[in-house]
file model.csv (CSV, C-alpha atoms and all ligand atoms)
chain,number,residue,atom,x,y,z
F,1,MET,CA,-27.1,-26.8,-5.7
F,2,ARG,CA,-27.9,-23.4,-7.2
F,3,PRO,CA,-26.1,-20.4,-5.7
F,4,TRP,CA,-29.3,-18.6,-4.6
F,5,LYS,CA,-30.4,-21.8,-2.7
F,6,ILE,CA,-27.1,-21.7,-0.8
F,7,LEU,CA,-27.7,-17.9,-0.1
F,8,ARG,CA,-31.2,-18.7,1.3
F,9,MET,CA,-29.6,-21.1,3.8
F,10,ILE,CA,-27.6,-18.2,5.2
F,11,PRO,CA,-29.5,-16.1,7.8
F,12,PHE,CA,-30.3,-12.5,6.5
F,13,SER,CA,-28.4,-11.0,9.4
F,14,ILE,CA,-25.2,-12.7,8.3
F,15,GLN,CA,-25.8,-11.8,4.7
F,16,LYS,CA,-26.1,-8.1,5.6
F,17,VAL,CA,-22.8,-8.1,7.4
F,18,PHE,CA,-21.1,-9.7,4.4
F,19,PHE,CA,-22.6,-7.2,1.9
F,20,TYR,CA,-21.9,-4.2,4.1
F,21,GLY,CA,-18.3,-5.2,4.4
F,22,TYR,CA,-18.1,-5.8,0.6
F,23,TRP,CA,-19.5,-2.4,-0.3
F,24,LYS,CA,-17.5,-0.6,2.3
F,25,GLY,CA,-14.4,-2.0,0.7
F,26,LYS,CA,-15.5,-1.0,-2.8
F,27,MET,CA,-16.4,2.6,-1.6
F,28,LYS,CA,-13.0,3.0,-0.1
F,29,MET,CA,-11.3,1.9,-3.3
F,30,LEU,CA,-13.4,4.3,-5.4
F,31,GLY,CA,-12.0,7.4,-3.8
F,32,CYS,CA,-8.5,6.1,-3.1
F,33,LEU,CA,-5.6,7.8,-4.9
F,34,PHE,CA,-3.2,4.9,-4.7
F,35,CYS,CA,-5.9,2.4,-5.9
F,36,GLN,CA,-6.3,4.8,-8.9
F,37,MET,CA,-2.6,4.7,-9.5
F,38,ALA,CA,-2.4,0.9,-9.0
F,39,SER,CA,-5.0,0.5,-11.7
F,40,HIS,CA,-3.4,3.2,-13.9
F,41,GLU,CA,-6.7,5.1,-13.9
F,42,LYS,CA,-4.4,8.0,-12.7
F,43,PRO,CA,-1.2,8.2,-14.8
F,44,VAL,CA,1.9,7.1,-12.8
F,45,LYS,CA,5.6,6.8,-13.8
F,46,THR,CA,6.0,3.2,-12.7
F,47,LEU,CA,9.5,2.0,-11.7
F,48,TYR,CA,8.4,-1.6,-11.1
F,49,GLU,CA,5.1,-3.5,-11.4
F,50,ASP,CA,3.9,-7.0,-10.9
F,51,ASP,CA,0.6,-8.6,-10.3
F,52,ARG,CA,0.6,-7.7,-6.6
F,53,CYS,CA,2.4,-4.3,-6.3
F,54,LEU,CA,3.6,-1.1,-7.9
F,55,VAL,CA,6.6,1.1,-7.2
F,56,PHE,CA,6.9,4.8,-8.1
F,57,GLU,CA,8.7,7.9,-6.9
F,58,ASP,CA,7.2,10.0,-4.1
F,59,ILE,CA,5.9,13.3,-5.4
F,60,ASN,CA,7.4,15.1,-2.4
F,61,PRO,CA,10.8,13.4,-1.9
F,62,GLN,CA,12.4,13.6,1.6
F,63,ALA,CA,15.7,12.1,0.4
F,64,PRO,CA,17.6,11.8,-2.9
F,65,VAL,CA,15.9,8.4,-3.3
F,66,HIS,CA,12.3,8.3,-2.0
F,67,LEU,CA,10.2,5.5,-3.5
F,68,LEU,CA,6.8,4.2,-2.5
F,69,VAL,CA,5.9,0.5,-2.8
F,70,ILE,CA,2.2,-0.1,-2.8
F,71,PRO,CA,0.1,-3.3,-2.9
F,72,LYS,CA,-2.5,-3.4,-5.7
F,73,LYS,CA,-5.0,-4.6,-3.1
F,74,HIS,CA,-6.6,-1.8,-1.1
F,75,ILE,CA,-5.5,-2.1,2.5
F,76,SER,CA,-6.0,1.1,4.5
F,77,SER,CA,-3.1,0.7,6.9
F,78,LEU,CA,-0.9,-1.9,8.5
F,79,ASN,CA,-3.7,-2.1,11.2
F,80,ASP,CA,-6.0,-3.5,8.5
F,81,ALA,CA,-3.6,-6.1,7.1
F,82,GLY,CA,-5.0,-9.5,8.0
F,83,ASP,CA,-3.3,-12.9,8.4
F,84,GLY,CA,-4.1,-13.6,4.8
F,85,ASP,CA,-2.0,-10.6,3.8
F,86,ARG,CA,1.2,-11.8,5.4
F,87,GLU,CA,2.7,-13.2,2.2
F,88,LEU,CA,1.8,-9.9,0.4
F,89,LEU,CA,3.6,-7.9,3.1
F,90,GLY,CA,6.7,-10.1,2.7
F,91,HIS,CA,6.5,-9.6,-1.0
F,92,LEU,CA,6.4,-5.8,-0.6
F,93,LEU,CA,9.4,-5.8,1.6
F,94,GLY,CA,11.3,-8.0,-0.8
F,95,VAL,CA,10.5,-5.6,-3.7
F,96,ALA,CA,11.6,-2.6,-1.5
F,97,ALA,CA,15.0,-4.3,-1.0
F,98,ARG,CA,15.3,-5.1,-4.7
F,99,MET,CA,14.5,-1.5,-5.6
F,100,ALA,CA,17.1,-0.2,-3.1
F,101,LYS,CA,19.6,-2.4,-4.8
F,102,GLU,CA,18.5,-1.1,-8.2
F,103,LYS,CA,18.9,2.5,-7.0
F,104,GLY,CA,22.4,1.7,-5.6
F,105,ILE,CA,21.6,2.5,-2.0
F,106,ASP,CA,21.6,-1.1,-0.6
F,107,GLY,CA,25.3,-0.8,0.4
F,108,SER,CA,25.2,2.8,1.8
F,109,GLY,CA,21.9,2.1,3.6
F,110,TYR,CA,18.3,3.0,3.3
F,111,ARG,CA,15.2,3.2,5.5
F,112,THR,CA,11.8,1.4,5.0
F,113,VAL,CA,9.0,3.2,6.7
F,114,VAL,CA,5.3,2.4,7.1
F,115,ASN,CA,3.4,5.3,8.7
F,116,THR,CA,0.3,4.2,10.5
F,117,ASN,CA,-2.5,6.6,11.5
F,118,ALA,CA,-2.4,10.2,12.6
F,119,GLU,CA,0.5,10.4,15.1
F,120,ALA,CA,2.9,8.7,12.7
F,121,GLY,CA,1.9,11.1,9.9
F,122,GLN,CA,-0.1,8.8,7.6
F,123,THR,CA,-1.7,11.0,5.0
F,124,VAL,CA,-2.7,8.4,2.3
F,125,PHE,CA,-4.9,5.6,3.7
F,126,HIS,CA,-3.7,2.9,1.3
F,127,LEU,CA,-0.8,0.9,2.8
F,128,HIS,CA,2.6,1.9,1.4
F,129,ILE,CA,6.2,1.4,2.2
F,130,HIS,CA,8.5,4.4,1.9
F,131,VAL,CA,12.0,3.5,0.7
F,132,LEU,CA,14.4,6.4,1.6
F,133,GLY,CA,18.1,6.7,1.0
F,134,GLY,CA,21.0,8.5,-0.7
F,135,ARG,CA,21.7,10.7,2.4
F,136,LEU,CA,22.5,10.3,6.1
F,137,LEU,CA,19.2,9.6,7.8
F,138,ALA,CA,18.9,10.9,11.4
F,139,TRP,CA,17.8,8.7,14.2
F,140,PRO,CA,15.4,8.9,16.1
F,141,PRO,CA,13.1,10.1,13.3
F,142,GLY,CA,11.2,13.3,13.9
E,1,LIG,P1,2.2,8.9,4.3
E,1,LIG,O1,2.3,10.4,4.7
E,1,LIG,O2,3.1,8.0,5.0
E,1,LIG,O3,0.8,8.5,4.2
E,1,LIG,O4,2.8,9.0,2.8
E,1,LIG,C1,2.1,9.4,1.7
E,1,LIG,C2,3.1,9.8,0.7
E,1,LIG,O5,2.5,9.8,-0.6
E,1,LIG,C3,3.7,11.2,0.9
E,1,LIG,O6,5.1,11.1,1.1
E,1,LIG,C4,3.3,11.9,-0.3
E,1,LIG,O7,4.3,12.8,-0.8
E,1,LIG,C5,3.1,10.8,-1.3
E,1,LIG,N1,2.1,11.2,-2.4
E,1,LIG,C6,0.9,11.7,-2.3
E,1,LIG,N2,0.4,11.9,-3.5
E,1,LIG,C7,1.3,11.4,-4.4
E,1,LIG,C8,1.3,11.2,-5.8
E,1,LIG,N3,0.3,11.6,-6.6
E,1,LIG,N4,2.4,10.6,-6.4
E,1,LIG,C9,3.4,10.2,-5.7
E,1,LIG,N5,3.4,10.3,-4.3
E,1,LIG,C10,2.4,10.9,-3.7
E,2,ZN,ZN,-6.6,2.1,-2.1
call {"tool": "encode", "arguments": {"input": "model.csv", "output": "structure tokens", "more": "lines below"}}
Ligand code: AMP
Ligand code: ZN
result
Amino acid sequence: MRPWKILRMIPFSIQKVFFYGYWKGKMKMLGCLFCQMASHEKPVKTLYEDDRCLVFEDINPQAPVHLLVIPKKHISSLNDAGDGDRELLGHLLGVAARMAKEKGIDGSGYRTVVNTNAEAGQTVFHLHIHVLGGRLLAWPPG
């Protein structure tokens, strides 16, 4: 069956929801700093890269080692990660641990942080894992 014939079988009200969601996602990506870095549209000194994620140094480091692990897929925050993203989230954490080892802070200790929304201090709305270490980190965090 031709694709447009399948499309005609779907009520217009459902089509609208699908296309709105699709374009909303595209719009977000267009203006997103980390999407631009993930696609190398904006130059970035990459420490690690694979088909699903990218690692680079934080521009405003809060510790001697402060890396950011970001997915290439645009996910605004942890709140927006769906069930289908579980494997990706696990991958990001695995890469964070590998990078900590590479930086020599796996033994001394490090912190992985995902800030979500305003009260946690999220400023870039593209999911990222902070990897912080190389100094004693206070607890509870500020
Ligand atoms: P958050 O406040 O948890 O959203 O973290 C965003 C982080 O991105 C902050 O620690 C910023 O310093 C960092 N950041 C913002 N712009 C850049 C950039 N161009 N390159 C590297 N890190 C950045
Ligand atoms: Zn993005």
call {"tool": "closest_residue", "arguments": {"input": "model.csv", "among": "F:Lys72, F:Arg98, F:Lys103, F:Arg111", "to": "ligand ZN 2 (chain E)", "atoms": "only C-alpha atoms and all ligand atoms"}}
result
F:Lys72
call {"tool": "residues_near_ligand", "arguments": {"input": "model.csv", "ligand": "ligand ZN 2 (chain E)", "cutoff": "6 Å", "atoms": "all atoms listed in the file", "output": "ChimeraX atom specification"}}
result
/F:29,32,34-35,74,126
call {"tool": "residues_near_ligand", "arguments": {"input": "model.csv", "ligand": "ligand LIG 1 (chain E)", "cutoff": "12 Å", "atoms": "all atoms listed in the file", "output": "number ranges by chain"}}
result
F: 32-38, 40, 42-47, 54-63, 65-70, 76-78, 112-132
call {"tool": "closest_residue", "arguments": {"input": "model.csv", "among": "F:Leu93, F:Gly107, F:Glu87, F:Pro64", "to": "Gly134 of chain F", "atoms": "all atoms listed in the file"}}
result
F:Pro64
call {"tool": "atom_distance", "arguments": {"input": "model.csv", "atom1": "atom CA of Asp85 of chain F", "atom2": "atom CA of Ser39 of chain F"}}
result
19.3 Å
call {"tool": "closest_residue", "arguments": {"input": "model.csv", "among": "F:Gly133, F:Gly82, F:Pro71, F:Gly142", "to": "Met99 of chain F", "atoms": "all atoms listed in the file"}}
result
F:Gly133
call {"tool": "decode", "arguments": {"input": "model.csv", "residues": "segment 13-111 of chain F", "atoms": "C-alpha atoms", "output": "PDB file, in the first residue's frame"}}
result
ATOM      1  CA  SER F  13      -6.798  15.019  14.524  1.00  0.00           C
ATOM      2  CA  ILE F  14      -4.195  12.304  15.219  1.00  0.00           C
ATOM      3  CA  GLN F  15      -1.999  13.429  12.305  1.00  0.00           C
ATOM      4  CA  LYS F  16      -1.948  16.974  13.743  1.00  0.00           C
ATOM      5  CA  VAL F  17      -0.725  15.745  17.137  1.00  0.00           C
ATOM      6  CA  PHE F  18       2.028  13.719  15.473  1.00  0.00           C
ATOM      7  CA  PHE F  19       3.286  16.561  13.244  1.00  0.00           C
ATOM      8  CA  TYR F  20       3.064  19.115  16.057  1.00  0.00           C
ATOM      9  CA  GLY F  21       5.220  16.868  18.248  1.00  0.00           C
ATOM     10  CA  TYR F  22       7.669  16.290  15.392  1.00  0.00           C
ATOM     11  CA  TRP F  23       8.121  20.000  14.629  1.00  0.00           C
ATOM     12  CA  LYS F  24       8.260  20.949  18.294  1.00  0.00           C
ATOM     13  CA  GLY F  25      11.208  18.562  18.644  1.00  0.00           C
ATOM     14  CA  LYS F  26      12.918  20.013  15.554  1.00  0.00           C
ATOM     15  CA  MET F  27      12.449  23.609  16.755  1.00  0.00           C
ATOM     16  CA  LYS F  28      14.010  22.796  20.105  1.00  0.00           C
ATOM     17  CA  MET F  29      16.977  21.202  18.427  1.00  0.00           C
ATOM     18  CA  LEU F  30      17.566  24.184  16.126  1.00  0.00           C
ATOM     19  CA  GLY F  31      18.283  26.553  18.991  1.00  0.00           C
ATOM     20  CA  CYS F  32      19.985  24.074  21.304  1.00  0.00           C
ATOM     21  CA  LEU F  33      23.652  24.724  22.155  1.00  0.00           C
ATOM     22  CA  PHE F  34      24.454  21.095  23.018  1.00  0.00           C
ATOM     23  CA  CYS F  35      22.728  19.834  19.835  1.00  0.00           C
ATOM     24  CA  GLN F  36      24.982  22.213  17.893  1.00  0.00           C
ATOM     25  CA  MET F  37      28.004  20.837  19.728  1.00  0.00           C
ATOM     26  CA  ALA F  38      26.888  17.222  19.252  1.00  0.00           C
ATOM     27  CA  SER F  39      26.623  17.787  15.492  1.00  0.00           C
ATOM     28  CA  HIS F  40      29.916  19.786  15.454  1.00  0.00           C
ATOM     29  CA  GLU F  41      28.029  22.748  14.022  1.00  0.00           C
ATOM     30  CA  LYS F  42      29.640  24.589  16.937  1.00  0.00           C
ATOM     31  CA  PRO F  43      33.322  23.659  17.421  1.00  0.00           C
ATOM     32  CA  VAL F  44      33.986  21.550  20.492  1.00  0.00           C
ATOM     33  CA  LYS F  45      37.151  19.956  21.883  1.00  0.00           C
ATOM     34  CA  THR F  46      35.863  16.416  22.119  1.00  0.00           C
ATOM     35  CA  LEU F  47      37.374  14.060  24.695  1.00  0.00           C
ATOM     36  CA  TYR F  48      35.271  11.101  23.613  1.00  0.00           C
ATOM     37  CA  GLU F  49      32.638  10.493  20.966  1.00  0.00           C
ATOM     38  CA  ASP F  50      30.581   7.595  19.686  1.00  0.00           C
ATOM     39  CA  ASP F  51      27.352   7.254  17.733  1.00  0.00           C
ATOM     40  CA  ARG F  52      25.213   8.072  20.783  1.00  0.00           C
ATOM     41  CA  CYS F  53      27.138  10.562  22.906  1.00  0.00           C
ATOM     42  CA  LEU F  54      29.858  13.157  23.251  1.00  0.00           C
ATOM     43  CA  VAL F  55      32.151  14.165  26.135  1.00  0.00           C
ATOM     44  CA  PHE F  56      33.844  17.551  26.560  1.00  0.00           C
ATOM     45  CA  GLU F  57      35.160  19.796  29.320  1.00  0.00           C
ATOM     46  CA  ASP F  58      32.795  22.168  31.066  1.00  0.00           C
ATOM     47  CA  ILE F  59      33.533  25.778  30.077  1.00  0.00           C
ATOM     48  CA  ASN F  60      33.161  26.887  33.712  1.00  0.00           C
ATOM     49  CA  PRO F  61      34.793  24.068  35.708  1.00  0.00           C
ATOM     50  CA  GLN F  62      33.709  23.589  39.312  1.00  0.00           C
ATOM     51  CA  ALA F  63      36.468  21.078  40.087  1.00  0.00           C
ATOM     52  CA  PRO F  64      39.900  20.137  38.651  1.00  0.00           C
ATOM     53  CA  VAL F  65      38.052  17.560  36.522  1.00  0.00           C
ATOM     54  CA  HIS F  66      34.662  18.708  35.255  1.00  0.00           C
ATOM     55  CA  LEU F  67      33.355  16.922  32.179  1.00  0.00           C
ATOM     56  CA  LEU F  68      29.973  16.865  30.507  1.00  0.00           C
ATOM     57  CA  VAL F  69      28.571  13.700  28.937  1.00  0.00           C
ATOM     58  CA  ILE F  70      25.749  14.513  26.520  1.00  0.00           C
ATOM     59  CA  PRO F  71      23.539  12.326  24.331  1.00  0.00           C
ATOM     60  CA  LYS F  72      23.495  13.206  20.620  1.00  0.00           C
ATOM     61  CA  LYS F  73      19.722  12.873  20.768  1.00  0.00           C
ATOM     62  CA  HIS F  74      17.958  15.984  22.048  1.00  0.00           C
ATOM     63  CA  ILE F  75      16.320  15.231  25.393  1.00  0.00           C
ATOM     64  CA  SER F  76      15.505  18.438  27.299  1.00  0.00           C
ATOM     65  CA  SER F  77      15.903  17.015  30.787  1.00  0.00           C
ATOM     66  CA  LEU F  78      15.686  13.779  32.737  1.00  0.00           C
ATOM     67  CA  ASN F  79      11.943  14.459  32.985  1.00  0.00           C
ATOM     68  CA  ASP F  80      11.739  14.041  29.214  1.00  0.00           C
ATOM     69  CA  ALA F  81      13.676  10.774  28.973  1.00  0.00           C
ATOM     70  CA  GLY F  82      11.208   8.061  28.003  1.00  0.00           C
ATOM     71  CA  ASP F  83      11.222   4.313  28.476  1.00  0.00           C
ATOM     72  CA  GLY F  84      12.887   4.038  25.084  1.00  0.00           C
ATOM     73  CA  ASP F  85      15.831   6.090  26.379  1.00  0.00           C
ATOM     74  CA  ARG F  86      16.739   3.722  29.226  1.00  0.00           C
ATOM     75  CA  GLU F  87      19.484   1.985  27.320  1.00  0.00           C
ATOM     76  CA  LEU F  88      20.904   5.375  26.287  1.00  0.00           C
ATOM     77  CA  LEU F  89      20.883   6.607  29.910  1.00  0.00           C
ATOM     78  CA  GLY F  90      22.799   3.502  30.952  1.00  0.00           C
ATOM     79  CA  HIS F  91      25.268   4.089  28.154  1.00  0.00           C
ATOM     80  CA  LEU F  92      25.857   7.695  29.273  1.00  0.00           C
ATOM     81  CA  LEU F  93      26.592   6.554  32.834  1.00  0.00           C
ATOM     82  CA  GLY F  94      28.934   3.859  31.548  1.00  0.00           C
ATOM     83  CA  VAL F  95      30.821   6.454  29.490  1.00  0.00           C
ATOM     84  CA  ALA F  96      30.959   8.776  32.546  1.00  0.00           C
ATOM     85  CA  ALA F  97      32.615   6.003  34.579  1.00  0.00           C
ATOM     86  CA  ARG F  98      35.063   5.250  31.755  1.00  0.00           C
ATOM     87  CA  MET F  99      36.004   8.935  31.479  1.00  0.00           C
ATOM     88  CA  ALA F 100      36.543   9.167  35.251  1.00  0.00           C
ATOM     89  CA  LYS F 101      38.937   6.233  34.962  1.00  0.00           C
ATOM     90  CA  GLU F 102      40.704   7.874  32.030  1.00  0.00           C
ATOM     91  CA  LYS F 103      41.128  11.067  34.077  1.00  0.00           C
ATOM     92  CA  GLY F 104      42.492   9.056  37.028  1.00  0.00           C
ATOM     93  CA  ILE F 105      39.761  10.012  39.499  1.00  0.00           C
ATOM     94  CA  ASP F 106      37.968   6.665  39.673  1.00  0.00           C
ATOM     95  CA  GLY F 107      39.916   5.589  42.760  1.00  0.00           C
ATOM     96  CA  SER F 108      39.907   8.901  44.661  1.00  0.00           C
ATOM     97  CA  GLY F 109      36.237   9.458  43.845  1.00  0.00           C
ATOM     98  CA  TYR F 110      34.039  11.581  41.659  1.00  0.00           C
ATOM     99  CA  ARG F 111      30.464  12.786  41.433  1.00  0.00           C
TER     100      ARG F 111
END
